[in-house]
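The data block below is work_39.cif; it holds mmCIF, N, CA and C atoms.
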data_protein
loop_
_atom_site.label_atom_id
_atom_site.label_comp_id
_atom_site.auth_asym_id
_atom_site.auth_seq_id
_atom_site.Cartn_x
_atom_site.Cartn_y
_atom_site.Cartn_z
N LEU A 1 33.63 -146.82 18.43
CA LEU A 1 33.30 -145.40 18.52
C LEU A 1 32.56 -144.97 17.26
N LYS A 2 33.04 -145.38 16.10
CA LYS A 2 32.42 -144.96 14.85
C LYS A 2 30.95 -145.39 14.78
N ALA A 3 30.65 -146.62 15.17
CA ALA A 3 29.26 -147.10 15.13
C ALA A 3 28.39 -146.33 16.12
N HIS A 4 28.93 -146.05 17.31
CA HIS A 4 28.18 -145.32 18.33
C HIS A 4 27.87 -143.90 17.84
N VAL A 5 28.87 -143.23 17.29
CA VAL A 5 28.67 -141.87 16.78
C VAL A 5 27.65 -141.89 15.64
N SER A 6 27.73 -142.90 14.79
CA SER A 6 26.79 -143.01 13.67
C SER A 6 25.35 -143.15 14.17
N ARG A 7 25.14 -143.97 15.21
CA ARG A 7 23.80 -144.13 15.78
C ARG A 7 23.28 -142.81 16.34
N ILE A 8 24.13 -142.09 17.04
CA ILE A 8 23.73 -140.81 17.62
C ILE A 8 23.41 -139.80 16.52
N LYS A 9 24.25 -139.78 15.49
CA LYS A 9 24.02 -138.85 14.39
C LYS A 9 22.68 -139.14 13.71
N THR A 10 22.37 -140.41 13.51
CA THR A 10 21.10 -140.81 12.90
C THR A 10 19.93 -140.44 13.80
N ALA A 11 20.07 -140.72 15.09
CA ALA A 11 18.98 -140.45 16.04
C ALA A 11 18.69 -138.97 16.19
N THR A 12 19.68 -138.12 15.92
CA THR A 12 19.49 -136.67 16.08
C THR A 12 19.35 -135.96 14.74
N ALA A 13 19.10 -136.73 13.69
CA ALA A 13 18.94 -136.17 12.33
C ALA A 13 20.14 -135.31 11.95
N GLY A 14 21.34 -135.78 12.33
CA GLY A 14 22.56 -135.09 11.94
C GLY A 14 22.93 -133.89 12.78
N GLU A 15 22.17 -133.62 13.83
CA GLU A 15 22.44 -132.44 14.67
C GLU A 15 23.59 -132.66 15.65
N VAL A 16 23.84 -133.90 16.04
CA VAL A 16 24.92 -134.21 16.97
C VAL A 16 25.88 -135.18 16.29
N GLY A 17 27.17 -134.89 16.38
CA GLY A 17 28.17 -135.76 15.78
C GLY A 17 29.50 -135.62 16.49
N TYR A 18 30.46 -136.37 16.03
CA TYR A 18 31.80 -136.38 16.61
C TYR A 18 32.60 -135.18 16.14
N VAL A 19 33.22 -134.45 17.07
CA VAL A 19 34.07 -133.33 16.69
C VAL A 19 35.48 -133.43 17.26
N GLY A 20 35.69 -134.28 18.28
CA GLY A 20 37.04 -134.34 18.82
C GLY A 20 37.15 -135.07 20.13
N GLU A 21 38.26 -134.79 20.80
CA GLU A 21 38.64 -135.52 22.01
C GLU A 21 39.03 -134.54 23.11
N TRP A 22 39.03 -135.04 24.34
CA TRP A 22 39.57 -134.29 25.46
C TRP A 22 40.35 -135.27 26.34
N HIS A 23 41.33 -134.76 27.04
CA HIS A 23 42.08 -135.58 27.99
C HIS A 23 42.86 -134.65 28.92
N SER A 24 43.42 -135.23 29.95
CA SER A 24 44.25 -134.45 30.87
C SER A 24 45.70 -134.90 30.74
N HIS A 25 46.60 -133.99 31.08
CA HIS A 25 48.02 -134.31 31.12
C HIS A 25 48.42 -134.60 32.56
N PRO A 26 49.50 -135.35 32.74
CA PRO A 26 49.92 -135.72 34.11
C PRO A 26 50.21 -134.51 34.98
N LYS A 27 50.11 -134.72 36.29
CA LYS A 27 50.40 -133.67 37.26
C LYS A 27 51.77 -133.07 36.98
N GLY A 28 51.83 -131.74 36.97
CA GLY A 28 53.08 -131.04 36.72
C GLY A 28 53.37 -130.75 35.26
N ALA A 29 52.64 -131.37 34.35
CA ALA A 29 52.84 -131.14 32.91
C ALA A 29 51.97 -129.98 32.45
N SER A 30 52.39 -129.32 31.39
CA SER A 30 51.59 -128.22 30.84
C SER A 30 50.48 -128.78 29.95
N SER A 31 49.67 -127.89 29.45
CA SER A 31 48.59 -128.30 28.54
C SER A 31 49.02 -128.18 27.08
N MET A 32 50.32 -128.01 26.86
CA MET A 32 50.83 -127.90 25.49
C MET A 32 50.59 -129.19 24.72
N LEU A 33 50.40 -129.06 23.43
CA LEU A 33 50.19 -130.20 22.53
C LEU A 33 51.45 -131.06 22.48
N SER A 34 51.32 -132.35 22.76
CA SER A 34 52.44 -133.27 22.58
C SER A 34 52.48 -133.70 21.12
N ASP A 35 53.52 -134.41 20.71
CA ASP A 35 53.59 -134.91 19.34
C ASP A 35 52.41 -135.84 19.05
N ASP A 36 52.07 -136.70 20.03
CA ASP A 36 50.92 -137.59 19.86
C ASP A 36 49.62 -136.80 19.73
N ASP A 37 49.48 -135.74 20.54
CA ASP A 37 48.29 -134.89 20.47
C ASP A 37 48.17 -134.25 19.08
N ALA A 38 49.28 -133.76 18.55
CA ALA A 38 49.29 -133.11 17.24
C ALA A 38 48.87 -134.10 16.15
N ARG A 39 49.40 -135.33 16.23
CA ARG A 39 49.01 -136.35 15.24
C ARG A 39 47.52 -136.67 15.34
N LEU A 40 47.00 -136.78 16.56
CA LEU A 40 45.59 -137.08 16.75
C LEU A 40 44.71 -135.93 16.24
N LEU A 41 45.07 -134.70 16.55
CA LEU A 41 44.29 -133.55 16.09
C LEU A 41 44.27 -133.51 14.57
N ASN A 42 45.40 -133.79 13.93
CA ASN A 42 45.47 -133.82 12.48
C ASN A 42 44.56 -134.93 11.92
N TRP A 43 44.59 -136.11 12.56
CA TRP A 43 43.76 -137.23 12.13
C TRP A 43 42.27 -136.87 12.25
N ILE A 44 41.90 -136.28 13.38
CA ILE A 44 40.50 -135.89 13.58
C ILE A 44 40.09 -134.85 12.53
N ALA A 45 40.94 -133.85 12.31
CA ALA A 45 40.63 -132.81 11.32
C ALA A 45 40.40 -133.42 9.94
N ASN A 46 41.21 -134.39 9.57
CA ASN A 46 41.03 -135.07 8.28
C ASN A 46 39.70 -135.79 8.21
N HIS A 47 39.28 -136.39 9.31
CA HIS A 47 38.08 -137.21 9.30
C HIS A 47 36.78 -136.43 9.45
N VAL A 48 36.82 -135.22 9.97
CA VAL A 48 35.59 -134.43 10.09
C VAL A 48 35.50 -133.35 9.02
N ALA A 49 36.57 -133.16 8.25
CA ALA A 49 36.59 -132.09 7.23
C ALA A 49 35.48 -132.26 6.20
N HIS A 50 35.16 -133.49 5.84
CA HIS A 50 34.12 -133.71 4.82
C HIS A 50 32.74 -133.24 5.29
N GLU A 51 32.58 -133.07 6.60
CA GLU A 51 31.31 -132.58 7.14
C GLU A 51 31.31 -131.06 7.28
N GLY A 52 32.46 -130.45 6.97
CA GLY A 52 32.56 -128.99 7.08
C GLY A 52 32.72 -128.50 8.49
N THR A 53 33.13 -129.39 9.40
CA THR A 53 33.33 -128.99 10.79
C THR A 53 34.81 -129.08 11.15
N PRO A 54 35.25 -128.26 12.06
CA PRO A 54 36.64 -128.36 12.52
C PRO A 54 36.79 -129.47 13.56
N ALA A 55 38.01 -129.86 13.79
CA ALA A 55 38.33 -130.80 14.87
C ALA A 55 38.50 -130.00 16.16
N VAL A 56 38.12 -130.60 17.27
CA VAL A 56 38.27 -129.94 18.57
C VAL A 56 39.02 -130.86 19.52
N MET A 57 39.99 -130.31 20.23
CA MET A 57 40.69 -131.05 21.26
C MET A 57 40.80 -130.15 22.49
N VAL A 58 40.52 -130.71 23.64
CA VAL A 58 40.66 -129.99 24.90
C VAL A 58 41.66 -130.75 25.75
N ILE A 59 42.67 -130.03 26.26
CA ILE A 59 43.68 -130.64 27.12
C ILE A 59 43.67 -129.90 28.46
N VAL A 60 43.53 -130.67 29.52
CA VAL A 60 43.46 -130.11 30.86
C VAL A 60 44.74 -130.44 31.61
N SER A 61 45.32 -129.44 32.26
CA SER A 61 46.49 -129.66 33.13
C SER A 61 46.15 -129.13 34.51
N ASP A 62 47.14 -129.13 35.41
CA ASP A 62 46.91 -128.66 36.78
C ASP A 62 46.34 -127.25 36.83
N ASP A 63 46.84 -126.37 35.97
CA ASP A 63 46.46 -124.96 36.08
C ASP A 63 45.96 -124.34 34.78
N GLU A 64 45.71 -125.17 33.75
CA GLU A 64 45.25 -124.64 32.47
C GLU A 64 44.24 -125.58 31.81
N ILE A 65 43.44 -124.97 30.97
CA ILE A 65 42.60 -125.72 30.05
C ILE A 65 42.90 -125.15 28.67
N ARG A 66 43.39 -126.00 27.77
CA ARG A 66 43.74 -125.55 26.42
C ARG A 66 42.70 -126.10 25.45
N ILE A 67 42.09 -125.22 24.67
CA ILE A 67 41.10 -125.60 23.68
C ILE A 67 41.73 -125.37 22.31
N LEU A 68 41.81 -126.44 21.52
CA LEU A 68 42.42 -126.37 20.20
C LEU A 68 41.38 -126.68 19.13
N VAL A 69 41.41 -125.92 18.05
CA VAL A 69 40.51 -126.13 16.93
C VAL A 69 41.37 -126.29 15.68
N GLY A 70 41.17 -127.41 14.98
CA GLY A 70 41.95 -127.69 13.79
C GLY A 70 41.08 -127.73 12.55
N ASP A 71 41.41 -126.93 11.56
CA ASP A 71 40.71 -126.90 10.28
C ASP A 71 41.65 -127.37 9.19
N MET A 72 41.14 -128.15 8.27
CA MET A 72 41.94 -128.57 7.12
C MET A 72 41.98 -127.43 6.11
N VAL A 73 43.20 -127.06 5.72
CA VAL A 73 43.42 -126.06 4.68
C VAL A 73 44.30 -126.75 3.65
N GLY A 74 43.67 -127.19 2.56
CA GLY A 74 44.39 -128.03 1.60
C GLY A 74 44.72 -129.35 2.28
N ARG A 75 46.00 -129.68 2.34
CA ARG A 75 46.43 -130.92 2.99
C ARG A 75 47.02 -130.67 4.38
N GLU A 76 46.97 -129.44 4.83
CA GLU A 76 47.54 -129.06 6.12
C GLU A 76 46.43 -128.77 7.13
N THR A 77 46.75 -129.02 8.40
CA THR A 77 45.82 -128.67 9.47
C THR A 77 46.23 -127.34 10.06
N PHE A 78 45.33 -126.37 10.03
CA PHE A 78 45.55 -125.06 10.63
C PHE A 78 44.96 -125.10 12.03
N VAL A 79 45.80 -124.85 13.04
CA VAL A 79 45.36 -124.99 14.44
C VAL A 79 45.31 -123.62 15.12
N ARG A 80 44.18 -123.37 15.79
CA ARG A 80 44.02 -122.20 16.64
C ARG A 80 43.84 -122.70 18.06
N SER A 81 44.33 -121.95 19.03
CA SER A 81 44.14 -122.40 20.40
C SER A 81 43.90 -121.23 21.35
N VAL A 82 43.20 -121.56 22.42
CA VAL A 82 42.93 -120.62 23.51
C VAL A 82 43.32 -121.35 24.79
N THR A 83 44.03 -120.68 25.67
CA THR A 83 44.41 -121.27 26.94
C THR A 83 43.74 -120.50 28.07
N LEU A 84 43.03 -121.22 28.91
CA LEU A 84 42.37 -120.61 30.05
C LEU A 84 43.09 -121.02 31.32
N SER A 85 43.34 -120.09 32.19
CA SER A 85 43.95 -120.40 33.48
C SER A 85 42.86 -120.83 34.44
N THR A 86 43.15 -121.87 35.20
CA THR A 86 42.19 -122.32 36.20
C THR A 86 42.56 -121.69 37.54
N PRO A 87 41.58 -121.31 38.31
CA PRO A 87 41.88 -120.64 39.59
C PRO A 87 42.53 -121.61 40.58
N SER A 88 43.45 -121.10 41.36
CA SER A 88 44.06 -121.91 42.42
C SER A 88 43.08 -122.10 43.56
N PRO A 89 43.11 -123.27 44.19
CA PRO A 89 42.17 -123.51 45.31
C PRO A 89 42.46 -122.64 46.50
#

Whole structure, structure tokens version:
Amino acid sequence: LKAHVSRIKTATAGEVGYVGEWHSHPKGASSMLSDDDARLLNWIANHVAHEGTPAVMVIVSDDEIRILVGDMVGRETFVRSVTLSTPSP
């Protein structure tokens, strides 16, 4: 992944780069951050902080889309989130 992102960043003169991850949770689960999700968001925030960008994680569940943004503040990750409800079919 790192080499691929590096090639894209070079090809776009730094305009496009890695900011985060997205995934879905199993049927019936909420879009709340799991312990693993929290560790990953913290790791991403640490690795993109030197570029001055926040980390982004999107979690999709049956009825929600949760968008999380993590910024490094000192040695801590400050997380903001927005949850969108998805319409029922």

Select, from A:Gly17, A:Asp35, A:Ala29, A:Leu41, the residue with the minimum atom-to-atom distance to Glu76 (chain A), counting only C-alpha atoms.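 With only C-alpha atoms as the atom set, the closest residue is A:Leu41.
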
Taking the chain letters and numbering used in this document, name the residues of chain A that DSSP puts in alpha helix (DSSP H), as a tab-separated table (two decimals) with N, CA and C atoms, keeping the file's coordinate frame.
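So part_29.tsv came out as:
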chain	number	residue	atom	x	y	z
A	2	LYS	N	33.04	-145.38	16.10
A	2	LYS	CA	32.42	-144.96	14.85
A	2	LYS	C	30.95	-145.39	14.78
A	3	ALA	N	30.65	-146.62	15.17
A	3	ALA	CA	29.26	-147.10	15.13
A	3	ALA	C	28.39	-146.33	16.12
A	4	HIS	N	28.93	-146.05	17.31
A	4	HIS	CA	28.18	-145.32	18.33
A	4	HIS	C	27.87	-143.90	17.84
A	5	VAL	N	28.87	-143.23	17.29
A	5	VAL	CA	28.67	-141.87	16.78
A	5	VAL	C	27.65	-141.89	15.64
A	6	SER	N	27.73	-142.90	14.79
A	6	SER	CA	26.79	-143.01	13.67
A	6	SER	C	25.35	-143.15	14.17
A	7	ARG	N	25.14	-143.97	15.21
A	7	ARG	CA	23.80	-144.13	15.78
A	7	ARG	C	23.28	-142.81	16.34
A	8	ILE	N	24.13	-142.09	17.04
A	8	ILE	CA	23.73	-140.81	17.62
A	8	ILE	C	23.41	-139.80	16.52
A	9	LYS	N	24.25	-139.78	15.49
A	9	LYS	CA	24.02	-138.85	14.39
A	9	LYS	C	22.68	-139.14	13.71
A	10	THR	N	22.37	-140.41	13.51
A	10	THR	CA	21.10	-140.81	12.90
A	10	THR	C	19.93	-140.44	13.80
A	11	ALA	N	20.07	-140.72	15.09
A	11	ALA	CA	18.98	-140.45	16.04
A	11	ALA	C	18.69	-138.97	16.19
A	35	ASP	N	53.52	-134.41	20.71
A	35	ASP	CA	53.59	-134.91	19.34
A	35	ASP	C	52.41	-135.84	19.05
A	36	ASP	N	52.07	-136.70	20.03
A	36	ASP	CA	50.92	-137.59	19.86
A	36	ASP	C	49.62	-136.80	19.73
A	37	ASP	N	49.48	-135.74	20.54
A	37	ASP	CA	48.29	-134.89	20.47
A	37	ASP	C	48.17	-134.25	19.08
A	38	ALA	N	49.28	-133.76	18.55
A	38	ALA	CA	49.29	-133.11	17.24
A	38	ALA	C	48.87	-134.10	16.15
A	39	ARG	N	49.40	-135.33	16.23
A	39	ARG	CA	49.01	-136.35	15.24
A	39	ARG	C	47.52	-136.67	15.34
A	40	LEU	N	47.00	-136.78	16.56
A	40	LEU	CA	45.59	-137.08	16.75
A	40	LEU	C	44.71	-135.93	16.24
A	41	LEU	N	45.07	-134.70	16.55
A	41	LEU	CA	44.29	-133.55	16.09
A	41	LEU	C	44.27	-133.51	14.57
A	42	ASN	N	45.40	-133.79	13.93
A	42	ASN	CA	45.47	-133.82	12.48
A	42	ASN	C	44.56	-134.93	11.92
A	43	TRP	N	44.59	-136.11	12.56
A	43	TRP	CA	43.76	-137.23	12.13
A	43	TRP	C	42.27	-136.87	12.25
A	44	ILE	N	41.90	-136.28	13.38
A	44	ILE	CA	40.50	-135.89	13.58
A	44	ILE	C	40.09	-134.85	12.53
A	45	ALA	N	40.94	-133.85	12.31
A	45	ALA	CA	40.63	-132.81	11.32
A	45	ALA	C	40.40	-133.42	9.94
A	46	ASN	N	41.21	-134.39	9.57
A	46	ASN	CA	41.03	-135.07	8.28
A	46	ASN	C	39.70	-135.79	8.21
A	47	HIS	N	39.28	-136.39	9.31
A	47	HIS	CA	38.08	-137.21	9.30
A	47	HIS	C	36.78	-136.43	9.45
A	48	VAL	N	36.82	-135.22	9.97
A	48	VAL	CA	35.59	-134.43	10.09
A	48	VAL	C	35.50	-133.35	9.02

Those in region 4-39 of chain A with strand (DSSP E or B) from DSSP, as a PyMOL selection string: chain A and resi 20-24

Output of the PyMOL selection byres ((chain A and resi 22) around 6), listed as a PDB file with N, CA and C atoms, keeping the file's coordinate frame:
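expr.pdb, written as the output of this step:
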ATOM      1  N   GLY A  20      35.690-134.280  18.280  1.00  0.00           N
ATOM      2  CA  GLY A  20      37.040-134.340  18.820  1.00  0.00           C
ATOM      3  C   GLY A  20      37.150-135.070  20.130  1.00  0.00           C
ATOM      4  N   GLU A  21      38.260-134.790  20.800  1.00  0.00           N
ATOM      5  CA  GLU A  21      38.640-135.520  22.010  1.00  0.00           C
ATOM      6  C   GLU A  21      39.030-134.540  23.110  1.00  0.00           C
ATOM      7  N   HIS A  23      41.330-134.760  27.040  1.00  0.00           N
ATOM      8  CA  HIS A  23      42.080-135.580  27.990  1.00  0.00           C
ATOM      9  C   HIS A  23      42.860-134.650  28.920  1.00  0.00           C
ATOM     10  N   SER A  24      43.420-135.230  29.950  1.00  0.00           N
ATOM     11  CA  SER A  24      44.250-134.450  30.870  1.00  0.00           C
ATOM     12  C   SER A  24      45.700-134.900  30.740  1.00  0.00           C
ATOM     13  N   MET A  57      39.990-130.310  20.230  1.00  0.00           N
ATOM     14  CA  MET A  57      40.690-131.050  21.260  1.00  0.00           C
ATOM     15  C   MET A  57      40.800-130.150  22.490  1.00  0.00           C
ATOM     16  N   VAL A  58      40.520-130.710  23.640  1.00  0.00           N
ATOM     17  CA  VAL A  58      40.660-129.990  24.900  1.00  0.00           C
ATOM     18  C   VAL A  58      41.660-130.750  25.750  1.00  0.00           C
ATOM     19  N   ILE A  59      42.670-130.030  26.260  1.00  0.00           N
ATOM     20  CA  ILE A  59      43.680-130.640  27.120  1.00  0.00           C
ATOM     21  C   ILE A  59      43.670-129.900  28.460  1.00  0.00           C
TER      22      ILE A  59
END

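Atom pair CA of Val5 (chain A) / CA of Ile44 (chain A) has a distance of 13.6 Å (rounded to one decimal).
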
Explicit residue set for the PyMOL selection byres ((chain A and resi 31) around 8), as a list in words: Ser24, His25, Gly28, Ala29, Ser30, Met32, Leu33, Ser34, Val58, Ile59, Val60, Ser61, Asp62, Asp63, Glu64, Ile65, Arg66 and Ile67 of chain A

Limited to N, CA and C atoms, could you put the picked residues into a file as a PDB file, in the coordinates of the input?
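Listing of selection.pdb after writing:
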ATOM      1  N   SER A  24      43.420-135.230  29.950  1.00  0.00           N
ATOM      2  CA  SER A  24      44.250-134.450  30.870  1.00  0.00           C
ATOM      3  C   SER A  24      45.700-134.900  30.740  1.00  0.00           C
ATOM      4  N   HIS A  25      46.600-133.990  31.080  1.00  0.00           N
ATOM      5  CA  HIS A  25      48.020-134.310  31.120  1.00  0.00           C
ATOM      6  C   HIS A  25      48.420-134.600  32.560  1.00  0.00           C
ATOM      7  N   GLY A  28      51.830-131.740  36.970  1.00  0.00           N
ATOM      8  CA  GLY A  28      53.080-131.040  36.720  1.00  0.00           C
ATOM      9  C   GLY A  28      53.370-130.750  35.260  1.00  0.00           C
ATOM     10  N   ALA A  29      52.640-131.370  34.350  1.00  0.00           N
ATOM     11  CA  ALA A  29      52.840-131.140  32.910  1.00  0.00           C
ATOM     12  C   ALA A  29      51.970-129.980  32.450  1.00  0.00           C
ATOM     13  N   SER A  30      52.390-129.320  31.390  1.00  0.00           N
ATOM     14  CA  SER A  30      51.590-128.220  30.840  1.00  0.00           C
ATOM     15  C   SER A  30      50.480-128.780  29.950  1.00  0.00           C
ATOM     16  N   MET A  32      50.320-128.010  26.860  1.00  0.00           N
ATOM     17  CA  MET A  32      50.830-127.900  25.490  1.00  0.00           C
ATOM     18  C   MET A  32      50.590-129.190  24.720  1.00  0.00           C
ATOM     19  N   LEU A  33      50.400-129.060  23.430  1.00  0.00           N
ATOM     20  CA  LEU A  33      50.190-130.200  22.530  1.00  0.00           C
ATOM     21  C   LEU A  33      51.450-131.060  22.480  1.00  0.00           C
ATOM     22  N   SER A  34      51.320-132.350  22.760  1.00  0.00           N
ATOM     23  CA  SER A  34      52.440-133.270  22.580  1.00  0.00           C
ATOM     24  C   SER A  34      52.480-133.700  21.120  1.00  0.00           C
ATOM     25  N   VAL A  58      40.520-130.710  23.640  1.00  0.00           N
ATOM     26  CA  VAL A  58      40.660-129.990  24.900  1.00  0.00           C
ATOM     27  C   VAL A  58      41.660-130.750  25.750  1.00  0.00           C
ATOM     28  N   ILE A  59      42.670-130.030  26.260  1.00  0.00           N
ATOM     29  CA  ILE A  59      43.680-130.640  27.120  1.00  0.00           C
ATOM     30  C   ILE A  59      43.670-129.900  28.460  1.00  0.00           C
ATOM     31  N   VAL A  60      43.530-130.670  29.520  1.00  0.00           N
ATOM     32  CA  VAL A  60      43.460-130.110  30.860  1.00  0.00           C
ATOM     33  C   VAL A  60      44.740-130.440  31.610  1.00  0.00           C
ATOM     34  N   SER A  61      45.320-129.440  32.260  1.00  0.00           N
ATOM     35  CA  SER A  61      46.490-129.660  33.130  1.00  0.00           C
ATOM     36  C   SER A  61      46.150-129.130  34.510  1.00  0.00           C
ATOM     37  N   ASP A  62      47.140-129.130  35.410  1.00  0.00           N
ATOM     38  CA  ASP A  62      46.910-128.660  36.780  1.00  0.00           C
ATOM     39  C   ASP A  62      46.340-127.250  36.830  1.00  0.00           C
ATOM     40  N   ASP A  63      46.840-126.370  35.970  1.00  0.00           N
ATOM     41  CA  ASP A  63      46.460-124.960  36.080  1.00  0.00           C
ATOM     42  C   ASP A  63      45.960-124.340  34.780  1.00  0.00           C
ATOM     43  N   GLU A  64      45.710-125.170  33.750  1.00  0.00           N
ATOM     44  CA  GLU A  64      45.250-124.640  32.470  1.00  0.00           C
ATOM     45  C   GLU A  64      44.240-125.580  31.810  1.00  0.00           C
ATOM     46  N   ILE A  65      43.440-124.970  30.970  1.00  0.00           N
ATOM     47  CA  ILE A  65      42.600-125.720  30.050  1.00  0.00           C
ATOM     48  C   ILE A  65      42.900-125.150  28.670  1.00  0.00           C
ATOM     49  N   ARG A  66      43.390-126.000  27.770  1.00  0.00           N
ATOM     50  CA  ARG A  66      43.740-125.550  26.420  1.00  0.00           C
ATOM     51  C   ARG A  66      42.700-126.100  25.450  1.00  0.00           C
ATOM     52  N   ILE A  67      42.090-125.220  24.670  1.00  0.00           N
ATOM     53  CA  ILE A  67      41.100-125.600  23.680  1.00  0.00           C
ATOM     54  C   ILE A  67      41.730-125.370  22.310  1.00  0.00           C
TER      55      ILE A  67
END

Tell me which residues come within 9 Å of (35.1, -130.5, 11.7), as a ChimeraX atom specification, counting only C-alpha atoms in the file's coordinates. /A:18-20,44-56,69-72

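CA of Leu68 (chain A) lies 11.4 Å from CA of Leu84 (chain A).
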
Kindly provide, as JSON, the centre and edge lengths (Å, one decimal) of an axis-aligned box around all atoms of region 72-84 of chain A given in the file, with 6 Å on each side.
{"center_x": 44.3, "center_y": -125.7, "center_z": 16.5, "size_x": 18.4, "size_y": 22.4, "size_z": 41.7}

Atom C of Asn42 (chain A) to atom C of Val79 (chain A): how many Å, to one decimal? 11.8 Å
